[in-house]
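In what follows, a structure is listed as structure tokens, so that the remarks can point back to it.
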Amino acid sequence: MAERYDLIVIGAGPGGYVAAIRAAQLGMKVACVEKRATLGGVCLNIGCIPSKALLDSSELYHLAAHRFAKHGIKVDGLGLDLKAMHARKDTVVKELTDGVRFLFRKNKITTLFGVARVASPTSVVVKDAEGAEANLETAHILLATGSVPINLPFLPFDGRTVVGSTEALAFDEVPEHLLVVGGGYIGLELGSVWRRLGAKVTVVEFLPRIVPLADLEVGALLSKALIKQGLEFKMETKVTGARVADGRATVTAETKDGQALTFDSDKVLVSVGRKAYIEGLGLEAVGVKFDPRTNKVGTDSHFRTNVPTISAIGDLIDGPMLAHKAEDEGTAFAELLSGKAGHVNYETIPSVIYTWPEMASVGLTEEQVQEKGVEYKVGKFPFVANGRAKAMDEVEGIVKVIADSRTDRVLGVHIIGPRASDLIAEAVTTMEFAGSAEDIARTCHAHPTLSEAFREAALDVDSRAIHSAPRAKATGR
Ligand SMILES: Cc1cc2nc3c(=O)[nH]c(=O)nc-3n(C[C@H](O)[C@H](O)[C@H](O)COP(=O)(O)OP(=O)(O)OC[C@H]3O[C@@H](n4cnc5c(N)ncnc54)[C@H](O)[C@@H]3O)c2cc1C
């Protein structure tokens, strides 16, 4: 007789593995099926973690080459050992993916390596690498199969010259000229890595601005910072085709005003977005419906699809394609399934771009606040006036706090600057607790820390920042 579970999770990415662990903690008998040889999904294997490992390594290289001298540190014979850099990245990935395996064992979760197919609303067939099939019975199925990069038909991936992010995380040589198609966070992060290591990097973007969903002012500062680092941008430019031969690509493009452009490069990274991954899952046969609005698996507020025993989370469903969003949905799903009050607050999901300076945001942008017609006040503080940033010699960027004029409630926080990725957590907590700019202003912040810039920006909402000169206030409706 087939083994019977309370829950079978398909996909061991941050959504799936967190859901599996939380469900096991809550007493369910859980199996998780993963088609990759390691756990952790895109995030741990070919996404968040290896990209951050390379960003950190390449940043150190860049600092050693260009900034250490200012700190009085002399470096002779600086060189790049790309093999060692990749080996460190691979070790980080292995330790973290092994860590998920360990957690599965400790939580008594059955791990099945193979490709899963939903055979019925309560059964899953798993095909292993040798082609052997196992049939598993379950009360509930959770789809957490994530996403894959979008392919441009006129610029198809060939895995060597025209590549997606996975290959761009593993180039065995620094490209001479990396052409990045798409000015989203993945293209900017990987473009930064290879620029710091010596490549010429050109970013071609169809829209008039990079990171189009970001606060306009803060996004413009990021653009300026990256240009200063030597990245080149061709905005409002549409890639129209490519000829690939002998390890080089000749990519053709057209500007908004009809000017034809040609780029000759040895690597092209196509990073124009990702799409829900459902290949081979058998969803049509069991009748799970896609949401035509999002082109992702449709779910209700409890993550249930139209088939009551089948649920879905993470990149596969609506919302930002981010690991922490998938994780929070995994936890909420398991808690709801066991009758608890699981919940994800989509208003306070932070987003981070791990370039240097980093950019991090939560809540509404100034443009969104204006669209909503809310009366608001803005407080800003530059890192150049922050003692710790000065000590670090990392003074580029600002903190921007947007608060409701009438209630003082924080509506959005946008940071570009050193360790913005860590600083944003305080803003998320403030917003989660429906806090005001005054709440931040009255909270003691250790000195000297970068977090003082957040407090000063909150003080500036009411024109009383201590460490910056008074300035004309931006308020609006
Ligand atoms: C280069 C890059 C950098 C990124 N950086 C960040 C970042 O810094 N921060 C951030 O928040 N997000 C980042 N992301 C996005 C993040 O990786 C995803 O949002 C996250 O992994 C989604 O989690 P998930 O659990 O929904 O799916 P995934 O992580 O995609 O996991 C899905 C898993 O399901 C498995 N699977 C699919 N089909 C089947 C099947 N039929 N049977 C068995 N298994 C199956 C897949 O093999 C995969 O392991 C990055 C992505 C990329 C590509």
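Going through the structure tokens in order, the chains are called A, B, and so on, while each chain numbers its residues from 1 and the ligands are numbered from 1 in the order shown.
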Name the residues, by chain letter and number, that sit within 6 Å of ligand 1 using only C-alpha atoms and all ligand atoms, and give them as number ranges by chain. A: 10-16, 33-36, 41-43, 47-48, 51, 114-117, 144-147, 165, 186, 280-281, 314-316, 321-324, 326
Keeping only N, CA, C and O atoms, write those residues as a short mmCIF file (atom, residue, chain, number, x, y, z; two decimals), in the first residue's frame.
data_model
loop_
_atom_site.label_atom_id
_atom_site.label_comp_id
_atom_site.auth_asym_id
_atom_site.auth_seq_id
_atom_site.Cartn_x
_atom_site.Cartn_y
_atom_site.Cartn_z
N ILE A 10 5.81 19.89 -2.68
CA ILE A 10 6.58 19.69 -3.92
C ILE A 10 7.48 20.91 -4.13
O ILE A 10 6.98 22.02 -4.37
N GLY A 11 8.78 20.70 -4.00
CA GLY A 11 9.75 21.79 -4.13
C GLY A 11 10.32 22.16 -2.77
O GLY A 11 9.57 22.50 -1.85
N ALA A 12 11.66 22.10 -2.66
CA ALA A 12 12.31 22.38 -1.37
C ALA A 12 13.04 23.71 -1.39
O ALA A 12 14.14 23.85 -0.86
N GLY A 13 12.44 24.72 -2.04
CA GLY A 13 12.98 26.08 -1.97
C GLY A 13 12.58 26.72 -0.64
O GLY A 13 12.01 26.04 0.24
N PRO A 14 12.85 28.03 -0.47
CA PRO A 14 12.54 28.67 0.81
C PRO A 14 11.06 28.60 1.17
O PRO A 14 10.71 28.58 2.35
N GLY A 15 10.19 28.56 0.17
CA GLY A 15 8.77 28.39 0.47
C GLY A 15 8.49 26.98 0.96
O GLY A 15 7.96 26.78 2.07
N GLY A 16 8.88 26.00 0.16
CA GLY A 16 8.57 24.60 0.44
C GLY A 16 9.26 24.08 1.69
O GLY A 16 8.63 23.42 2.53
N VAL A 33 9.28 16.66 -1.75
CA VAL A 33 9.88 16.12 -2.97
C VAL A 33 10.68 17.21 -3.66
O VAL A 33 10.17 18.31 -3.85
N GLU A 34 11.91 16.89 -4.05
CA GLU A 34 12.76 17.89 -4.70
C GLU A 34 13.46 17.24 -5.89
O GLU A 34 14.07 16.18 -5.75
N LYS A 35 13.39 17.90 -7.05
CA LYS A 35 14.00 17.29 -8.24
C LYS A 35 15.48 17.59 -8.37
O LYS A 35 16.21 16.87 -9.05
N ARG A 36 15.94 18.65 -7.72
CA ARG A 36 17.36 18.96 -7.69
C ARG A 36 18.04 17.99 -6.71
O ARG A 36 17.39 17.43 -5.83
N GLY A 41 16.26 24.97 -3.01
CA GLY A 41 15.65 25.63 -4.17
C GLY A 41 16.59 26.58 -4.90
O GLY A 41 17.82 26.52 -4.76
N VAL A 42 15.97 27.48 -5.66
CA VAL A 42 16.73 28.48 -6.42
C VAL A 42 17.54 29.34 -5.44
O VAL A 42 18.72 29.60 -5.64
N CYS A 43 16.89 29.76 -4.36
CA CYS A 43 17.51 30.70 -3.42
C CYS A 43 18.88 30.22 -2.94
O CYS A 43 19.88 30.92 -3.10
N GLY A 47 20.58 31.24 -6.51
CA GLY A 47 19.94 32.56 -6.43
C GLY A 47 20.56 33.43 -5.37
O GLY A 47 21.73 33.82 -5.46
N CYS A 48 19.75 33.70 -4.32
CA CYS A 48 20.15 34.65 -3.26
C CYS A 48 21.56 34.38 -2.74
O CYS A 48 22.39 35.30 -2.65
N SER A 51 24.72 34.45 -5.24
CA SER A 51 24.91 35.82 -5.75
C SER A 51 25.46 36.72 -4.65
O SER A 51 26.35 37.54 -4.90
N GLY A 114 13.48 13.52 -6.60
CA GLY A 114 12.87 13.05 -7.84
C GLY A 114 11.89 14.10 -8.34
O GLY A 114 11.68 15.13 -7.69
N VAL A 115 11.31 13.83 -9.50
CA VAL A 115 10.35 14.78 -10.08
C VAL A 115 8.95 14.37 -9.65
O VAL A 115 8.56 13.20 -9.84
N ALA A 116 8.22 15.32 -9.08
CA ALA A 116 6.87 15.01 -8.59
C ALA A 116 5.82 15.40 -9.63
O ALA A 116 5.97 16.39 -10.34
N ARG A 117 4.79 14.58 -9.69
CA ARG A 117 3.62 14.88 -10.52
C ARG A 117 2.38 14.67 -9.67
O ARG A 117 2.30 13.67 -8.93
N ALA A 144 5.18 24.17 -4.41
CA ALA A 144 6.17 25.22 -4.12
C ALA A 144 7.31 25.08 -5.11
O ALA A 144 8.48 25.01 -4.74
N THR A 145 6.93 25.03 -6.39
CA THR A 145 7.92 24.70 -7.44
C THR A 145 8.61 25.93 -8.03
O THR A 145 9.43 25.80 -8.93
N GLY A 146 8.29 27.10 -7.51
CA GLY A 146 9.09 28.29 -7.82
C GLY A 146 8.97 28.83 -9.22
O GLY A 146 7.90 28.79 -9.84
N SER A 147 10.09 29.32 -9.73
CA SER A 147 10.08 30.03 -11.01
C SER A 147 11.35 29.75 -11.80
O SER A 147 12.34 29.25 -11.25
N SER A 165 20.87 33.79 -15.16
CA SER A 165 21.62 34.10 -13.94
C SER A 165 22.46 32.92 -13.46
O SER A 165 23.56 33.11 -12.93
N ILE A 186 18.43 41.48 -10.46
CA ILE A 186 19.35 40.37 -10.75
C ILE A 186 20.43 40.84 -11.72
O ILE A 186 21.63 40.60 -11.52
N GLY A 280 5.55 19.64 -16.12
CA GLY A 280 5.46 18.25 -15.70
C GLY A 280 4.71 18.00 -14.41
O GLY A 280 4.64 16.86 -13.93
N LEU A 281 4.12 19.05 -13.82
CA LEU A 281 3.45 18.88 -12.52
C LEU A 281 2.08 18.23 -12.65
O LEU A 281 1.51 17.79 -11.67
N GLY A 314 4.85 30.90 -2.70
CA GLY A 314 6.15 31.30 -3.24
C GLY A 314 6.07 31.95 -4.60
O GLY A 314 5.06 32.57 -4.97
N ASP A 315 7.13 31.79 -5.37
CA ASP A 315 7.21 32.40 -6.70
C ASP A 315 6.09 31.94 -7.62
O ASP A 315 5.78 32.59 -8.62
N LEU A 316 5.52 30.79 -7.29
CA LEU A 316 4.49 30.19 -8.13
C LEU A 316 3.19 30.99 -8.10
O LEU A 316 2.35 30.85 -8.99
N MET A 321 8.53 38.11 -6.23
CA MET A 321 9.28 36.84 -6.28
C MET A 321 10.51 36.98 -5.40
O MET A 321 11.61 37.26 -5.87
N LEU A 322 10.30 36.79 -4.10
CA LEU A 322 11.38 36.97 -3.13
C LEU A 322 11.37 35.81 -2.15
O LEU A 322 10.30 35.29 -1.78
N ALA A 323 12.56 35.45 -1.69
CA ALA A 323 12.69 34.28 -0.81
C ALA A 323 11.93 34.48 0.50
O ALA A 323 11.26 33.56 0.98
N HIS A 324 12.05 35.69 1.09
CA HIS A 324 11.41 35.88 2.40
C HIS A 324 9.89 35.91 2.27
O HIS A 324 9.18 35.56 3.21
N ALA A 326 8.29 33.98 0.10
CA ALA A 326 7.99 32.54 0.00
C ALA A 326 8.04 31.90 1.39
O ALA A 326 7.16 31.10 1.75
#
Residue set, segment 84-244 of chain A restricted to helix (DSSP H, G or I), as a PyMOL selection string: chain A and resi 84-106+165-168+185-196+216-228
When you look at Thr407 of chain A with a cut-off of 12 Å (counting only C-alpha atoms), what residues show up, excluding the ones that are within fewer than 2 positions of it in the same chain? I need them as JSON, numbers by chain. {"A": [374, 375, 376, 377, 402, 403, 404, 405, 409, 410, 411, 434, 435, 436, 437, 438, 439]}
For the strand (DSSP E or B) assignment from backbone DSSP, which residues of segment 152-220 of chain A qualify? Please present them as a PyMOL selection string. chain A and resi 152+155+162-163+177-181+200-204
Go ahead and write the selection's residues with all heavy atoms as a tab-separated table (two decimals), in the first residue's frame.
chain	number	residue	atom	x	y	z
A	152	LEU	N	13.97	35.16	-24.02
A	152	LEU	CA	13.52	36.01	-25.13
A	152	LEU	C	13.64	35.20	-26.42
A	152	LEU	O	14.73	34.68	-26.70
A	152	LEU	CB	14.39	37.27	-25.22
A	152	LEU	CG	14.26	38.28	-24.08
A	152	LEU	CD1	15.26	39.42	-24.24
A	152	LEU	CD2	12.84	38.83	-24.01
A	155	LEU	N	16.50	35.92	-28.53
A	155	LEU	CA	17.80	35.88	-27.85
A	155	LEU	C	17.83	34.65	-26.94
A	155	LEU	O	17.93	34.75	-25.73
A	155	LEU	CB	17.95	37.17	-27.02
A	155	LEU	CG	19.33	37.58	-26.53
A	155	LEU	CD1	20.31	37.73	-27.68
A	155	LEU	CD2	19.24	38.88	-25.75
A	162	VAL	N	24.95	33.33	-24.51
A	162	VAL	CA	23.70	33.99	-24.07
A	162	VAL	C	23.18	33.17	-22.88
A	162	VAL	O	22.77	32.02	-23.04
A	162	VAL	CB	22.65	34.03	-25.21
A	162	VAL	CG1	21.38	34.73	-24.72
A	162	VAL	CG2	23.22	34.74	-26.43
A	163	VAL	N	23.23	33.79	-21.70
A	163	VAL	CA	22.99	33.00	-20.50
A	163	VAL	C	21.96	33.63	-19.58
A	163	VAL	O	21.63	34.81	-19.71
A	163	VAL	CB	24.30	32.79	-19.70
A	163	VAL	CG1	25.35	32.08	-20.54
A	163	VAL	CG2	24.83	34.13	-19.17
A	177	HIS	N	33.37	41.84	-22.11
A	177	HIS	CA	32.21	42.74	-22.17
A	177	HIS	C	30.95	41.94	-21.88
A	177	HIS	O	30.56	41.07	-22.66
A	177	HIS	CB	32.11	43.40	-23.56
A	177	HIS	CG	30.96	44.37	-23.65
A	177	HIS	ND1	30.48	44.84	-24.84
A	177	HIS	CD2	30.20	44.97	-22.70
A	177	HIS	CE1	29.47	45.67	-24.63
A	177	HIS	NE2	29.28	45.76	-23.34
A	178	LEU	N	30.34	42.24	-20.74
A	178	LEU	CA	29.08	41.59	-20.37
A	178	LEU	C	27.94	42.52	-20.72
A	178	LEU	O	27.86	43.65	-20.21
A	178	LEU	CB	29.08	41.30	-18.86
A	178	LEU	CG	27.76	40.79	-18.26
A	178	LEU	CD1	27.38	39.42	-18.83
A	178	LEU	CD2	27.86	40.71	-16.74
A	179	LEU	N	27.07	42.05	-21.59
A	179	LEU	CA	25.87	42.82	-21.93
A	179	LEU	C	24.73	42.28	-21.08
A	179	LEU	O	24.43	41.07	-21.13
A	179	LEU	CB	25.55	42.66	-23.42
A	179	LEU	CG	24.39	43.52	-23.91
A	179	LEU	CD1	24.81	44.99	-23.99
A	179	LEU	CD2	23.91	43.06	-25.28
A	180	VAL	N	24.13	43.14	-20.29
A	180	VAL	CA	23.03	42.72	-19.42
A	180	VAL	C	21.73	43.22	-20.04
A	180	VAL	O	21.57	44.43	-20.24
A	180	VAL	CB	23.19	43.29	-17.99
A	180	VAL	CG1	22.01	42.87	-17.12
A	180	VAL	CG2	24.51	42.83	-17.37
A	181	VAL	N	20.85	42.32	-20.37
A	181	VAL	CA	19.55	42.72	-20.93
A	181	VAL	C	18.54	42.72	-19.79
A	181	VAL	O	18.19	41.67	-19.27
A	181	VAL	CB	19.12	41.77	-22.07
A	181	VAL	CG1	17.79	42.24	-22.67
A	181	VAL	CG2	20.20	41.69	-23.14
A	200	LYS	N	33.85	45.06	-18.70
A	200	LYS	CA	33.03	46.20	-19.16
A	200	LYS	C	31.59	45.68	-19.08
A	200	LYS	O	31.30	44.56	-19.52
A	200	LYS	CB	33.42	46.54	-20.60
A	200	LYS	CG	32.53	47.55	-21.30
A	200	LYS	CD	33.04	47.75	-22.75
A	200	LYS	CE	32.01	48.35	-23.68
A	200	LYS	NZ	31.73	49.74	-23.48
A	201	VAL	N	30.71	46.47	-18.51
A	201	VAL	CA	29.31	46.03	-18.35
A	201	VAL	C	28.37	47.07	-18.94
A	201	VAL	O	28.44	48.25	-18.58
A	201	VAL	CB	28.97	45.77	-16.86
A	201	VAL	CG1	27.49	45.42	-16.69
A	201	VAL	CG2	29.84	44.66	-16.28
A	202	THR	N	27.52	46.62	-19.85
A	202	THR	CA	26.50	47.51	-20.42
A	202	THR	C	25.13	46.93	-20.11
A	202	THR	O	24.89	45.74	-20.35
A	202	THR	CB	26.66	47.62	-21.96
A	202	THR	OG1	28.02	47.95	-22.26
A	202	THR	CG2	25.73	48.67	-22.54
A	203	VAL	N	24.27	47.75	-19.55
A	203	VAL	CA	22.91	47.31	-19.23
A	203	VAL	C	21.96	47.95	-20.24
A	203	VAL	O	21.95	49.18	-20.40
A	203	VAL	CB	22.51	47.73	-17.80
A	203	VAL	CG1	21.08	47.27	-17.47
A	203	VAL	CG2	23.50	47.20	-16.77
A	204	VAL	N	21.19	47.11	-20.92
A	204	VAL	CA	20.19	47.62	-21.87
A	204	VAL	C	18.81	47.45	-21.24
A	204	VAL	O	18.45	46.35	-20.84
A	204	VAL	CB	20.25	46.84	-23.21
A	204	VAL	CG1	19.21	47.38	-24.19
A	204	VAL	CG2	21.64	46.94	-23.81
Atom-to-atom span, atom CA of Ile313 of chain A and atom CA of Val148 of chain A, Å: 15.1 Å
Please identify all polymer residues within 7 Å of segment 347-352 of chain A, counting only C-alpha atoms, omitting same-chain residues fewer than 4 positions from it, and present them as a list of chain:residue names. A:Lys325, A:Met359, A:Ala360, A:Ser361, A:Val362, A:Gly363, A:Ser421, A:Val428, A:Met431, A:Glu432
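Residue nearest Val125 of chain A, chosen from A:Ala253, A:Ala391, A:Leu103, A:Ile8 and counting only C-alpha atoms: A:Ile8.
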Write out as an MDAnalysis selection string the residues lying within 10 Å of Glu189 of chain A, counting only C-alpha atoms and excluding same-chain residues fewer than 5 positions away. chainID A and resid 51:52 54:55 183:184 194:195 353:356 358
Kindly save the residues from that selection, with C-alpha atoms included, as a PDB file, in the first residue's frame.
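The resulting file, selection.pdb, is shown below:
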ATOM      1  CA  SER A  51      24.907  35.821  -5.751  1.00  0.00           C
ATOM      2  CA  LYS A  52      25.505  37.369  -2.322  1.00  0.00           C
ATOM      3  CA  LEU A  54      30.021  36.673  -5.146  1.00  0.00           C
ATOM      4  CA  LEU A  55      28.840  40.189  -4.319  1.00  0.00           C
ATOM      5  CA  GLY A 183      17.789  46.594 -15.490  1.00  0.00           C
ATOM      6  CA  GLY A 184      16.124  44.665 -12.636  1.00  0.00           C
ATOM      7  CA  TRP A 194      31.608  41.314 -12.961  1.00  0.00           C
ATOM      8  CA  ARG A 195      32.228  45.060 -13.226  1.00  0.00           C
ATOM      9  CA  ILE A 353      19.113  45.247  -4.073  1.00  0.00           C
ATOM     10  CA  TYR A 354      22.530  44.073  -2.930  1.00  0.00           C
ATOM     11  CA  THR A 355      24.592  46.373  -5.120  1.00  0.00           C
ATOM     12  CA  TRP A 356      26.978  48.737  -3.319  1.00  0.00           C
ATOM     13  CA  GLU A 358      22.721  48.684  -1.225  1.00  0.00           C
TER      14      GLU A 358
END
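In this structure, atom CA of Ala170 of chain A sits 18.7 Å away from atom CA of Pro156 of chain A.
Note that the spacing between atom CA of Asn151 of chain A and atom CA of Gly164 of chain A amounts to 8.5 Å.
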I'd like to know which of A:Val174, A:Ala420, A:Ile317, A:Ala427 is closest to Lys83 of chain A, using only C-alpha atoms. A:Val174
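Residue nearest Ala225 of chain A, chosen from A:Pro320, A:Val395, A:Thr161, A:Asn295 and counting only C-alpha atoms: A:Val395.
The shell of residues at most 6 Å from segment 235-239 of chain A, with only C-alpha atoms counted and near chain neighbours (fewer than 2 positions) removed, consists of Glu205, Phe206, Leu207, Pro208, Phe233, Thr252, Ala253, Glu254, Thr255 and Lys256 of chain A.
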Do a neighbour search on Val118 of chain A at 12 Å with only C-alpha atoms, toss out local chain neighbours closer than 3 positions, and write the hits as a PyMOL selection string. chain A and resi 8-10+33+115+121-127+134-138+140-143+278-288+307+309-311
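Shortest separation to Val378 of chain A among A:Gly219, A:Val401, A:Lys275, A:Gln229 occurs at residue A:Val401, atoms counted being only C-alpha atoms.
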